[in-house]
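Source file: model_26.tsv. Holds: TSV, C-alpha atoms and all ligand atoms.
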chain	number	residue	atom	x	y	z
A	196	MET	CA	0.00	0.00	0.00
A	197	ASN	CA	1.53	3.29	-1.06
A	198	ARG	CA	-0.01	5.94	1.18
A	199	GLU	CA	1.58	8.85	-0.67
A	200	ARG	CA	0.22	7.89	-4.07
A	201	SER	CA	-1.89	10.82	-5.22
A	202	TYR	CA	-5.48	9.97	-5.77
A	203	ASN	CA	-6.90	9.91	-9.27
A	204	GLY	CA	-10.29	8.29	-8.94
A	205	CYS	CA	-11.86	10.30	-6.17
A	206	ARG	CA	-13.71	13.44	-7.22
A	207	MET	CA	-14.45	16.33	-4.97
A	208	ALA	CA	-15.32	19.96	-5.52
A	209	GLN	CA	-13.11	22.69	-4.05
A	210	ILE	CA	-11.29	22.96	-0.73
A	211	ILE	CA	-9.64	19.57	-0.36
A	212	ASP	CA	-7.07	19.19	-3.09
A	213	THR	CA	-4.61	16.76	-1.52
A	214	LEU	CA	-6.07	13.30	-1.48
A	215	THR	CA	-4.20	10.06	-1.08
A	216	THR	CA	-5.60	6.59	-1.33
A	217	ASP	CA	-5.08	3.05	-0.22
A	218	ALA	CA	-6.45	0.82	-2.98
A	219	GLU	CA	-10.13	1.16	-2.01
A	220	ARG	CA	-10.67	4.26	0.09
A	221	CYS	CA	-10.15	7.98	-0.22
A	222	VAL	CA	-7.87	9.34	2.50
A	223	ILE	CA	-8.67	12.90	3.43
A	224	PRO	CA	-6.36	15.43	5.00
A	225	GLY	CA	-7.41	15.83	8.64
A	226	HIS	CA	-8.69	12.26	8.61
A	227	GLY	CA	-6.72	9.05	8.36
A	228	ALA	CA	-2.97	8.90	8.67
A	229	LEU	CA	-2.69	12.61	7.90
A	230	ALA	CA	-4.53	13.69	11.07
A	231	ALA	CA	-2.64	15.65	13.72
A	232	LYS	CA	-0.42	13.36	15.77
A	233	PRO	CA	-1.98	12.51	19.14
A	234	ALA	CA	1.24	13.64	20.81
A	235	ASP	CA	0.50	17.19	19.58
A	236	ARG	CA	-2.57	17.13	21.80
A	237	GLU	CA	-0.91	15.23	24.61
A	238	LEU	CA	-3.11	12.31	23.81
A	239	PHE	CA	-1.44	8.91	23.57
A	240	TYR	CA	-2.33	5.44	22.44
A	241	SER	CA	-1.77	4.08	25.92
A	242	ALA	CA	-2.64	0.63	27.22
A	243	GLU	CA	-5.75	2.17	28.81
A	244	VAL	CA	-6.84	3.72	25.49
A	245	ALA	CA	-6.23	0.42	23.70
A	246	ARG	CA	-8.29	-1.47	26.30
A	247	ALA	CA	-11.13	1.04	26.08
A	248	THR	CA	-11.27	1.13	22.29
A	249	ASP	CA	-10.23	-2.35	21.09
A	250	GLU	CA	-13.80	-3.59	20.95
A	251	LEU	CA	-14.80	-0.61	18.81
A	252	TYR	CA	-11.98	-1.29	16.41
A	253	VAL	CA	-13.27	-4.79	15.78
A	254	ARG	CA	-16.45	-3.21	14.35
A	255	VAL	CA	-14.67	-0.90	11.93
A	256	ARG	CA	-11.57	-2.86	11.02
A	257	ASP	CA	-12.79	-3.55	7.47
A	258	VAL	CA	-12.91	0.17	6.71
A	259	ILE	CA	-10.14	1.63	8.92
A	260	PRO	CA	-6.59	0.29	8.41
A	261	ALA	CA	-4.92	-0.94	11.61
A	262	VAL	CA	-2.09	1.53	11.11
A	263	GLU	CA	-4.52	4.44	11.53
A	264	TRP	CA	-6.20	3.24	14.72
A	265	PRO	CA	-3.50	4.48	17.16
A	266	VAL	CA	-4.10	7.98	15.71
A	267	TYR	CA	-7.87	7.85	16.16
A	268	ALA	CA	-8.22	5.86	19.37
A	269	PRO	CA	-6.91	8.53	21.82
A	270	TYR	CA	-9.36	11.07	20.39
A	271	ILE	CA	-12.23	8.58	20.48
A	272	HIS	CA	-11.47	7.75	24.11
A	273	ALA	CA	-11.10	11.42	25.11
A	274	ILE	CA	-14.32	12.40	23.28
A	275	SER	CA	-16.19	9.66	25.08
A	276	GLN	CA	-15.00	11.04	28.45
A	277	LEU	CA	-15.79	14.63	27.47
A	278	LYS	CA	-19.29	13.66	26.39
A	279	GLN	CA	-19.99	12.37	29.89
A	280	GLU	CA	-18.49	15.43	31.58
A	281	ARG	CA	-20.44	17.85	29.40
A	282	ASP	CA	-23.69	15.84	29.20
A	283	ALA	CA	-23.27	15.89	25.43
A	284	VAL	CA	-24.33	13.75	22.49
A	285	VAL	CA	-22.80	13.62	19.03
A	286	LEU	CA	-25.31	13.61	16.16
A	287	ALA	CA	-23.49	12.01	13.23
A	288	HIS	CA	-24.72	12.27	9.66
A	289	ASN	CA	-24.32	9.28	7.33
A	290	TYR	CA	-21.58	11.16	5.42
A	291	MET	CA	-19.20	11.29	8.37
A	292	THR	CA	-16.04	9.24	8.05
A	293	PRO	CA	-16.30	5.91	9.90
A	294	GLU	CA	-14.05	6.85	12.83
A	295	ILE	CA	-16.63	9.56	13.59
A	296	PHE	CA	-19.80	7.83	12.45
A	297	ALA	CA	-19.26	4.47	14.11
A	298	CYS	CA	-16.92	5.42	16.95
A	299	VAL	CA	-18.20	8.70	18.46
A	300	GLY	CA	-21.69	9.14	16.96
A	301	ASP	CA	-24.41	8.58	19.58
A	302	ILE	CA	-27.23	9.21	17.15
A	303	ARG	CA	-26.62	8.42	13.49
A	304	GLY	CA	-28.68	8.82	10.39
A	305	ASP	CA	-30.04	11.00	7.63
A	306	SER	CA	-31.17	14.61	8.02
A	307	LEU	CA	-34.69	13.63	9.09
A	308	GLN	CA	-33.54	11.15	11.72
A	309	LEU	CA	-31.03	13.64	13.14
A	310	ALA	CA	-33.66	16.40	13.28
A	311	ARG	CA	-36.11	14.11	15.10
A	312	GLU	CA	-33.47	13.04	17.61
A	313	ALA	CA	-32.25	16.62	18.16
A	314	ALA	CA	-35.76	17.40	19.35
A	315	ARG	CA	-35.87	14.33	21.62
A	316	THR	CA	-32.46	14.02	23.25
A	317	PRO	CA	-32.33	14.81	26.97
A	318	ALA	CA	-28.63	15.80	26.71
A	319	SER	CA	-27.80	19.45	27.39
A	320	VAL	CA	-25.14	19.74	24.67
A	321	ILE	CA	-25.41	18.62	21.03
A	322	VAL	CA	-22.29	18.33	18.90
A	323	GLN	CA	-23.38	18.28	15.27
A	324	ALA	CA	-21.13	16.02	13.24
A	325	GLY	CA	-22.61	17.28	10.01
A	326	VAL	CA	-22.96	20.60	8.21
A	327	HIS	CA	-24.17	23.99	9.41
A	328	PHE	CA	-27.82	23.76	8.32
A	329	MET	CA	-28.12	20.55	10.36
A	330	ALA	CA	-26.74	22.30	13.45
A	331	GLU	CA	-29.14	25.20	12.90
A	332	THR	CA	-32.04	22.74	12.66
A	333	SER	CA	-30.96	21.16	15.95
A	334	LYS	CA	-30.73	24.57	17.62
A	335	ILE	CA	-34.14	25.63	16.31
A	336	LEU	CA	-35.71	22.44	17.67
A	337	SER	CA	-33.82	22.59	20.97
A	338	PRO	CA	-33.31	26.27	21.76
A	339	GLU	CA	-32.51	25.52	25.39
A	340	LYS	CA	-29.56	23.29	24.43
A	341	THR	CA	-26.03	24.30	23.55
A	342	VAL	CA	-25.40	23.25	19.94
A	343	LEU	CA	-21.78	23.07	18.81
A	344	ILE	CA	-20.38	22.47	15.34
A	345	PRO	CA	-16.71	21.47	15.04
A	346	ASP	CA	-16.21	23.77	12.04
A	347	MET	CA	-18.40	26.79	11.31
A	348	ALA	CA	-17.30	26.72	7.66
A	349	ALA	CA	-19.00	23.36	7.06
A	350	GLY	CA	-21.62	24.75	4.68
A	351	CYS	CA	-23.64	23.30	1.80
A	352	SER	CA	-23.94	24.41	-1.83
A	353	LEU	CA	-27.71	24.03	-1.63
A	354	ALA	CA	-28.09	26.09	1.52
A	355	SER	CA	-26.02	28.89	0.02
A	356	ALA	CA	-27.96	28.84	-3.29
A	357	ILE	CA	-30.97	30.76	-2.01
A	358	THR	CA	-31.78	33.57	0.44
A	359	GLY	CA	-34.87	34.61	2.34
A	360	GLU	CA	-35.28	37.48	-0.11
A	361	ASP	CA	-35.30	35.02	-3.06
A	362	VAL	CA	-38.10	33.08	-1.36
A	363	ARG	CA	-40.11	36.26	-0.80
A	364	LEU	CA	-39.80	37.06	-4.52
A	365	MET	CA	-40.93	33.55	-5.46
A	366	LYS	CA	-43.94	33.85	-3.19
A	367	ALA	CA	-44.83	37.23	-4.67
A	368	ALA	CA	-44.67	35.70	-8.16
A	369	HIS	CA	-46.82	32.76	-7.05
A	370	PRO	CA	-49.39	33.90	-4.50
A	371	ASN	CA	-51.35	31.17	-2.70
A	372	VAL	CA	-48.80	28.50	-3.59
A	373	PRO	CA	-47.26	26.77	-0.55
A	374	VAL	CA	-43.48	26.71	-0.12
A	375	VAL	CA	-41.70	23.48	0.78
A	376	SER	CA	-38.07	24.11	1.67
A	377	TYR	CA	-35.53	21.33	1.76
A	378	VAL	CA	-33.80	21.21	5.17
A	379	ASN	CA	-30.58	21.90	3.27
A	380	SER	CA	-31.34	25.61	3.60
A	381	SER	CA	-30.62	28.45	6.02
A	382	ALA	CA	-32.85	29.24	9.00
A	383	GLU	CA	-33.85	32.42	7.20
A	384	VAL	CA	-35.14	30.42	4.20
A	385	LYS	CA	-36.97	27.98	6.48
A	386	ALA	CA	-38.59	30.96	8.22
A	387	GLU	CA	-40.06	32.05	4.86
A	388	SER	CA	-41.41	28.56	4.16
A	389	ASP	CA	-44.67	26.84	4.99
A	390	VAL	CA	-43.11	23.45	5.67
A	391	CYS	CA	-39.69	21.79	5.40
A	392	CYS	CA	-38.83	18.44	3.88
A	393	THR	CA	-35.85	16.13	3.66
A	394	SER	CA	-34.97	13.70	0.92
A	395	SER	CA	-36.75	10.96	2.86
A	396	ASN	CA	-40.15	12.69	2.94
A	397	ALA	CA	-40.06	15.23	0.09
A	398	VAL	CA	-42.82	13.56	-1.92
A	399	GLN	CA	-45.03	12.95	1.11
A	400	VAL	CA	-44.63	16.51	2.42
A	401	THR	CA	-45.29	18.05	-1.01
A	402	GLU	CA	-48.49	16.04	-1.47
A	403	TRP	CA	-49.55	16.69	2.11
A	404	ILE	CA	-49.25	20.48	1.87
A	405	ALA	CA	-51.01	20.55	-1.51
A	406	ALA	CA	-53.93	18.66	0.06
A	407	GLU	CA	-53.94	20.96	3.12
A	408	TRP	CA	-54.02	24.08	0.93
A	409	ASP	CA	-56.25	22.45	-1.69
A	410	VAL	CA	-53.91	23.49	-4.53
A	411	ASP	CA	-52.33	21.72	-7.50
A	412	ARG	CA	-49.02	23.65	-7.49
A	413	VAL	CA	-46.23	23.63	-4.91
A	414	ILE	CA	-42.95	25.55	-4.66
A	415	VAL	CA	-40.15	23.07	-3.77
A	416	ILE	CA	-36.80	24.78	-3.09
A	417	PRO	CA	-33.83	25.14	-3.41
A	418	ASP	CA	-32.75	21.88	-5.08
A	419	GLU	CA	-33.75	21.80	-8.73
A	420	TYR	CA	-32.95	18.10	-9.07
A	421	LEU	CA	-34.75	17.01	-5.92
A	422	ALA	CA	-37.75	19.04	-7.11
A	423	ARG	CA	-37.60	17.50	-10.58
A	424	ASN	CA	-37.38	14.06	-9.00
A	425	VAL	CA	-40.38	14.85	-6.79
A	426	ALA	CA	-42.24	15.98	-9.92
A	427	THR	CA	-41.82	12.48	-11.42
A	428	GLN	CA	-43.59	10.97	-8.38
A	429	THR	CA	-46.68	13.19	-8.24
A	430	SER	CA	-49.25	14.79	-10.51
A	431	LEU	CA	-48.72	18.18	-8.83
A	432	ARG	CA	-47.13	21.03	-10.77
A	433	ILE	CA	-43.73	21.85	-9.21
A	434	ILE	CA	-42.06	25.26	-9.18
A	435	THR	CA	-38.42	25.24	-8.14
A	436	TRP	CA	-35.13	27.09	-7.82
A	437	GLN	CA	-31.81	26.63	-9.60
A	438	GLY	CA	-29.81	25.25	-6.63
A	439	HIS	CA	-27.69	22.10	-6.90
A	440	CYS	CA	-25.71	19.84	-4.63
A	441	GLU	CA	-22.12	20.13	-5.81
A	442	VAL	CA	-21.54	16.47	-4.93
A	443	HIS	CA	-24.57	14.81	-6.52
A	444	GLU	CA	-24.83	16.99	-9.62
A	445	ARG	CA	-21.61	15.34	-10.83
A	446	PHE	CA	-23.16	11.91	-11.33
A	447	THR	CA	-24.42	11.26	-14.84
A	448	ALA	CA	-26.50	8.61	-16.55
A	449	SER	CA	-23.48	7.71	-18.68
A	450	ASP	CA	-21.49	7.08	-15.44
A	451	ILE	CA	-24.10	4.46	-14.60
A	452	GLU	CA	-23.93	2.93	-18.06
A	453	GLN	CA	-20.14	2.59	-17.73
A	454	LEU	CA	-20.41	1.19	-14.21
A	455	ARG	CA	-22.98	-1.38	-15.30
A	456	ILE	CA	-20.58	-2.54	-18.05
A	457	SER	CA	-17.62	-2.69	-15.65
A	458	TYR	CA	-19.57	-4.31	-12.81
A	459	PRO	CA	-22.30	-6.50	-14.34
A	460	GLY	CA	-25.06	-7.35	-11.88
A	461	ALA	CA	-24.25	-4.53	-9.46
A	462	LEU	CA	-27.29	-2.71	-8.05
A	463	VAL	CA	-27.22	1.05	-8.54
A	464	LEU	CA	-28.69	3.13	-5.70
A	465	ALA	CA	-28.88	6.92	-6.05
A	466	HIS	CA	-29.62	9.89	-3.80
A	467	PRO	CA	-32.48	12.10	-5.10
A	468	GLU	CA	-30.14	15.12	-5.23
A	469	CYS	CA	-28.75	13.45	-8.38
A	470	PRO	CA	-30.08	14.70	-11.73
A	471	PRO	CA	-33.34	13.05	-12.89
A	472	ASP	CA	-31.67	11.17	-15.77
A	473	VAL	CA	-29.56	9.40	-13.12
A	474	LEU	CA	-32.67	8.34	-11.20
A	475	SER	CA	-34.29	7.21	-14.40
A	476	VAL	CA	-31.59	4.53	-14.85
A	477	ALA	CA	-30.91	3.67	-11.18
A	478	ASP	CA	-32.39	0.61	-9.46
A	479	PHE	CA	-33.48	2.48	-6.34
A	480	ALA	CA	-33.34	6.04	-5.04
A	481	GLY	CA	-33.85	7.52	-1.61
A	482	SER	CA	-32.39	9.44	1.29
A	483	THR	CA	-29.12	8.30	2.80
A	484	ALA	CA	-31.08	6.30	5.40
A	485	ALA	CA	-33.29	4.75	2.71
A	486	LEU	CA	-30.18	3.69	0.76
A	487	ALA	CA	-28.64	2.12	3.87
A	488	ASP	CA	-31.94	0.34	4.71
A	489	TYR	CA	-32.17	-0.96	1.15
A	490	VAL	CA	-28.73	-2.59	1.40
A	491	GLU	CA	-29.57	-3.99	4.86
A	492	ARG	CA	-32.85	-5.44	3.59
A	493	GLU	CA	-31.88	-6.71	0.14
A	494	ARG	CA	-28.29	-7.77	0.99
A	495	PRO	CA	-27.07	-7.35	-2.63
A	496	LYS	CA	-23.84	-9.10	-3.59
A	497	ARG	CA	-22.50	-5.92	-5.13
A	498	VAL	CA	-23.80	-2.37	-4.89
A	499	ILE	CA	-22.95	1.08	-6.22
A	500	LEU	CA	-24.03	3.98	-4.00
A	501	LEU	CA	-24.30	7.18	-6.04
A	502	THR	CA	-23.81	9.55	-3.16
A	503	GLU	CA	-21.06	10.82	-0.86
A	504	CYS	CA	-18.00	8.56	-0.42
A	505	SER	CA	-18.19	7.89	3.30
A	506	MET	CA	-21.67	6.35	3.00
A	507	SER	CA	-20.20	3.21	1.48
A	508	ASP	CA	-17.75	2.79	4.37
A	509	ASN	CA	-20.50	3.29	6.94
A	510	VAL	CA	-22.97	0.94	5.27
A	511	ALA	CA	-20.17	-1.61	4.72
A	512	VAL	CA	-19.54	-1.82	8.49
A	513	SER	CA	-22.90	-3.55	9.03
A	514	ASN	CA	-22.99	-5.32	5.65
A	515	PRO	CA	-19.63	-7.09	5.33
A	516	ALA	CA	-20.93	-9.58	2.75
A	517	THR	CA	-21.77	-6.84	0.24
A	518	ASP	CA	-19.13	-5.58	-2.17
A	519	PHE	CA	-19.24	-1.77	-2.54
A	520	VAL	CA	-18.14	-0.17	-5.81
A	521	ARG	CA	-17.18	3.42	-5.01
A	522	PRO	CA	-17.63	6.00	-7.77
A	523	CYS	CA	-16.79	8.35	-4.91
A	524	ASN	CA	-17.71	12.03	-4.82
A	525	LEU	CA	-16.66	13.69	-1.57
A	526	CYS	CA	-18.51	16.54	0.11
A	527	PRO	CA	-15.85	19.13	1.03
A	528	HIS	CA	-18.15	20.57	3.70
A	529	MET	CA	-18.87	17.29	5.49
A	530	LYS	CA	-15.15	16.52	5.36
A	531	ARG	CA	-14.37	19.60	7.45
A	532	ILE	CA	-15.66	17.65	10.44
A	533	THR	CA	-12.83	15.67	12.04
A	534	LEU	CA	-12.27	13.79	15.30
A	535	GLN	CA	-9.88	16.52	16.39
A	536	GLY	CA	-12.51	19.17	15.63
A	537	ILE	CA	-15.10	17.31	17.71
A	538	TYR	CA	-12.61	16.93	20.55
A	539	ASP	CA	-11.68	20.64	20.45
A	540	ALA	CA	-15.33	21.69	20.29
A	541	LEU	CA	-16.17	19.66	23.40
A	542	LEU	CA	-13.02	20.59	25.29
A	543	GLU	CA	-13.41	24.32	24.72
A	544	MET	CA	-17.21	24.34	24.26
A	545	LYS	CA	-16.64	26.26	21.08
A	546	HIS	CA	-18.33	27.08	17.79
A	547	GLU	CA	-21.74	27.51	19.30
A	548	VAL	CA	-24.55	27.80	16.76
A	549	VAL	CA	-27.02	30.59	17.46
A	550	VAL	CA	-30.16	31.45	15.52
A	551	GLU	CA	-31.83	34.82	15.84
A	552	ALA	CA	-34.99	34.34	17.99
A	553	GLN	CA	-37.61	35.65	15.56
A	554	ILE	CA	-36.20	33.68	12.64
A	555	ALA	CA	-35.88	30.58	14.81
A	556	GLN	CA	-39.51	30.85	15.91
A	557	ARG	CA	-40.82	31.00	12.31
A	558	ALA	CA	-38.40	28.33	11.04
A	559	ARG	CA	-39.46	26.04	13.87
A	560	ILE	CA	-43.08	26.10	12.67
A	561	ALA	CA	-41.96	24.86	9.23
A	562	ILE	CA	-39.75	22.14	10.70
A	563	GLU	CA	-42.34	20.97	13.23
A	564	ARG	CA	-44.99	20.85	10.53
A	565	MET	CA	-42.70	18.52	8.59
A	566	LEU	CA	-42.18	16.32	11.66
A	567	SER	CA	-45.95	16.03	12.08
A	568	VAL	CA	-46.66	14.91	8.50
A	569	PRO	CA	-47.95	11.35	8.76
A	570	LEU	CA	-45.43	8.87	7.39
A	571	GLY	CA	-46.47	5.98	5.25
A	572	LEU	CA	-48.47	8.07	2.78
A	573	LYS	CA	-46.14	6.61	0.18
A	574	PRO	CA	-43.39	3.98	0.41
A	575	PRO	CA	-39.94	5.32	1.33
A	576	GLY	CA	-37.75	6.07	-1.64
A	577	PHE	CA	-38.43	7.23	-5.18
A	578	THR	CA	-39.72	5.00	-7.93
A	579	THR	CA	-36.92	4.96	-10.49
A	580	GLY	CA	-37.24	4.63	-14.27
A	581	ARG	CA	-39.75	7.46	-14.59
A	582	ALA	CA	-39.65	9.91	-17.51
A	583	ALA	CA	-38.76	13.56	-16.79
A	584	VAL	CA	-41.65	15.92	-16.12
A	585	ASP	CA	-41.83	19.63	-16.89
A	586	VAL	CA	-41.27	21.95	-13.91
A	587	GLU	CA	-41.11	25.73	-13.61
A	588	LEU	CA	-37.54	26.77	-12.86
A	589	MET	CA	-36.79	30.12	-11.23
A	590	SER	CA	-33.45	31.82	-10.57
A	591	ARG	CA	-32.12	35.22	-9.55
A	592	ALA	CA	-32.56	37.64	-12.44
A	601	LIG	P1	-30.10	12.97	3.68
A	601	LIG	O1	-31.24	13.68	4.30
A	601	LIG	O2	-30.52	11.95	2.68
A	601	LIG	O3	-29.20	12.41	4.73
A	601	LIG	O4	-29.27	14.00	2.81
A	601	LIG	C1	-28.58	15.08	3.34
A	601	LIG	C2	-27.59	15.57	2.39
A	601	LIG	O5	-26.99	16.60	2.60
A	601	LIG	C3	-27.36	14.81	1.19
A	601	LIG	O6	-26.42	15.43	0.39
A	602	LIG	FE1	-24.80	19.94	0.77
A	602	LIG	FE2	-24.34	18.24	-1.18
A	602	LIG	FE3	-22.67	18.32	0.87
A	602	LIG	FE4	-25.15	17.30	1.18
A	602	LIG	S1	-23.50	16.49	-0.06
A	602	LIG	S2	-24.12	18.75	2.54
A	602	LIG	S3	-26.30	18.63	-0.21
A	602	LIG	S4	-23.04	19.96	-0.62
Can you turn what I pasted into structure tokens?
Amino acid sequence: MNRERSYNGCRMAQIIDTLTTDAERCVIPGHGALAAKPADRELFYSAEVARATDELYVRVRDVIPAVEWPVYAPYIHAISQLKQERDAVVLAHNYMTPEIFACVGDIRGDSLQLAREAARTPASVIVQAGVHFMAETSKILSPEKTVLIPDMAAGCSLASAITGEDVRLMKAAHPNVPVVSYVNSSAEVKAESDVCCTSSNAVQVTEWIAAEWDVDRVIVIPDEYLARNVATQTSLRIITWQGHCEVHERFTASDIEQLRISYPGALVLAHPECPPDVLSVADFAGSTAALADYVERERPKRVILLTECSMSDNVAVSNPATDFVRPCNLCPHMKRITLQGIYDALLEMKHEVVVEAQIAQRARIAIERMLSVPLGLKPPGFTTGRAAVDVELMSRA
């Protein structure tokens, strides 16, 4: 294994430009062998740390090389102690690297699951191992709690694609049309919305609000592709915004064609932030949790997850018999979250997320409305293979 070999198969937008690889996995600066040495932090891989973390390592040994464990283990042990001292929980999104997801995450899942648990946890401190809009959602749902994010710059191309002012202009152009905002948006945008959705309930929420308002048109923002994919699942007319996920917009239908030739028989699962032509040729599509559940349930021999790289590692931990092909697009924002960042945040109680009270109050109504939408209106996931449907696309003039 040549750890210095520069990576040529792993694609990621911006920020992280030095990637190395060991045969199968992307290695990200700040993660893996390139992380700060424990000695820098006066943390050591002592016999006590080894004893406390050995059992954890057994769970993740297929996705974390043994040589890296002595770097991670002291942080994992120290974070576990700090969590107790601070009465804290770590909410870990499915895109976290496995040393975070499996080893320090107390609550793990997709955006919807994390939002639900943020509202429920009795802990007084939440550390959001995810991006900024997720931490804002947690703070809005739990205003009395301290919400920390290890890196304030962990943003999202969708959340930064639209402002509250843009939403006001859309509403003015379409009076009496309800606004569904994807949780990948700022608190200000949520505050302008009638209800939020995530990729796991976007279709259900859109149909629910249309029925509540007795209308046949719904504004679904800011993800053009999610909205277009919702449009293929409903007879409602969808109006949307020209925002894209910089990770998922890179997958193409011809990628899938090539992958199917190279890996005959592999199942192709896609996130609904991918363009509609990708979903039209995928075998299944759904939120990160729906993709993980699909693998758990169907136990495919070989699978291709068209989503962020770390998902495959995390799903592989509980599905060792499945072979994961990794077309691998990394989210530069999610990758800002590191074990060291989580440790520092807890140690110094830093990077507290605050949401202005009036905005938080209005955004909370939209999020709580989403949480109250009855599930099971439609099966989880998107039906793939559907033809594209016309939508109305808006953008800043
Ligand atoms: P999920 O809600 O499916 O976890 O998606 C969040 C996200 O940011 C995907 O890019
Ligand atoms: Fe945002 Fe895309 Fe990253 Fe998800 S993967 S946080 S949508 S940029």
inquiry  = Using all atoms listed in the file, which residues of the polymer chains come no farther than 10 Å from ligand LIG 601 (chain A)? I'd like the answer as number ranges by chain.
reply    = A: 288-290, 303-310, 325-326, 328-329, 350-354, 377-379, 392-397, 439-443, 466-469, 481-486, 502-503, 506, 526, 528-529
Show which residues sit within 12 Å of Ile562 (chain A), as a PDB file with C-alpha atoms, keeping the file's coordinate frame. Count all atoms listed in the file, and ignore same-chain residues fewer than 6 positions away.
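Ended up saving to result.pdb:
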ATOM      1  CA  SER A 306     -31.170  14.610   8.020  1.00  0.00           C
ATOM      2  CA  LEU A 307     -34.690  13.630   9.090  1.00  0.00           C
ATOM      3  CA  ALA A 310     -33.660  16.400  13.280  1.00  0.00           C
ATOM      4  CA  ARG A 311     -36.110  14.110  15.100  1.00  0.00           C
ATOM      5  CA  ALA A 313     -32.250  16.620  18.160  1.00  0.00           C
ATOM      6  CA  ALA A 314     -35.760  17.400  19.350  1.00  0.00           C
ATOM      7  CA  MET A 329     -28.120  20.550  10.360  1.00  0.00           C
ATOM      8  CA  GLU A 331     -29.140  25.200  12.900  1.00  0.00           C
ATOM      9  CA  THR A 332     -32.040  22.740  12.660  1.00  0.00           C
ATOM     10  CA  SER A 333     -30.960  21.160  15.950  1.00  0.00           C
ATOM     11  CA  LYS A 334     -30.730  24.570  17.620  1.00  0.00           C
ATOM     12  CA  ILE A 335     -34.140  25.630  16.310  1.00  0.00           C
ATOM     13  CA  LEU A 336     -35.710  22.440  17.670  1.00  0.00           C
ATOM     14  CA  SER A 337     -33.820  22.590  20.970  1.00  0.00           C
ATOM     15  CA  VAL A 375     -41.700  23.480   0.780  1.00  0.00           C
ATOM     16  CA  SER A 376     -38.070  24.110   1.670  1.00  0.00           C
ATOM     17  CA  TYR A 377     -35.530  21.330   1.760  1.00  0.00           C
ATOM     18  CA  VAL A 378     -33.800  21.210   5.170  1.00  0.00           C
ATOM     19  CA  ASN A 379     -30.580  21.900   3.270  1.00  0.00           C
ATOM     20  CA  SER A 380     -31.340  25.610   3.600  1.00  0.00           C
ATOM     21  CA  ALA A 382     -32.850  29.240   9.000  1.00  0.00           C
ATOM     22  CA  VAL A 384     -35.140  30.420   4.200  1.00  0.00           C
ATOM     23  CA  LYS A 385     -36.970  27.980   6.480  1.00  0.00           C
ATOM     24  CA  ALA A 386     -38.590  30.960   8.220  1.00  0.00           C
ATOM     25  CA  GLU A 387     -40.060  32.050   4.860  1.00  0.00           C
ATOM     26  CA  SER A 388     -41.410  28.560   4.160  1.00  0.00           C
ATOM     27  CA  ASP A 389     -44.670  26.840   4.990  1.00  0.00           C
ATOM     28  CA  VAL A 390     -43.110  23.450   5.670  1.00  0.00           C
ATOM     29  CA  CYS A 391     -39.690  21.790   5.400  1.00  0.00           C
ATOM     30  CA  CYS A 392     -38.830  18.440   3.880  1.00  0.00           C
ATOM     31  CA  THR A 393     -35.850  16.130   3.660  1.00  0.00           C
ATOM     32  CA  VAL A 400     -44.630  16.510   2.420  1.00  0.00           C
ATOM     33  CA  ALA A 555     -35.880  30.580  14.810  1.00  0.00           C
ATOM     34  CA  GLN A 556     -39.510  30.850  15.910  1.00  0.00           C
ATOM     35  CA  VAL A 568     -46.660  14.910   8.500  1.00  0.00           C
TER      36      VAL A 568
END
inquiry  = Please list as a PyMOL selection string every residue within 7 Å of Val284 (chain A), counting all atoms listed in the file and excluding residues in the same chain fewer than 2 positions away.
reply    = chain A and resi 278+286+301+318+320-322
Padding of 6 Å on every side, edges along x, y and z, all listed atoms of ligand LIG 602 (chain A) included: what centre and edge lengths in Å, to one decimal, does that box have, as JSON?
{"center_x": -24.5, "center_y": 18.2, "center_z": 0.7, "size_x": 15.6, "size_y": 15.5, "size_z": 15.7}
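Take CA of Thr578 (chain A) and atom S1 of ligand LIG 602 (chain A): the distance between them is 21.4 Å.
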Which residues are close to Ala422 (chain A), i.e. within 7 Å by all atoms listed in the file, leaving aside same-chain residues fewer than 5 positions away? Reply as a PDB file with C-alpha atoms, in the frame of the given file.
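What ended up in around_0.pdb:
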ATOM      1  CA  VAL A 415     -40.150  23.070  -3.770  1.00  0.00           C
ATOM      2  CA  ILE A 433     -43.730  21.850  -9.210  1.00  0.00           C
ATOM      3  CA  THR A 435     -38.420  25.240  -8.140  1.00  0.00           C
TER       4      THR A 435
END
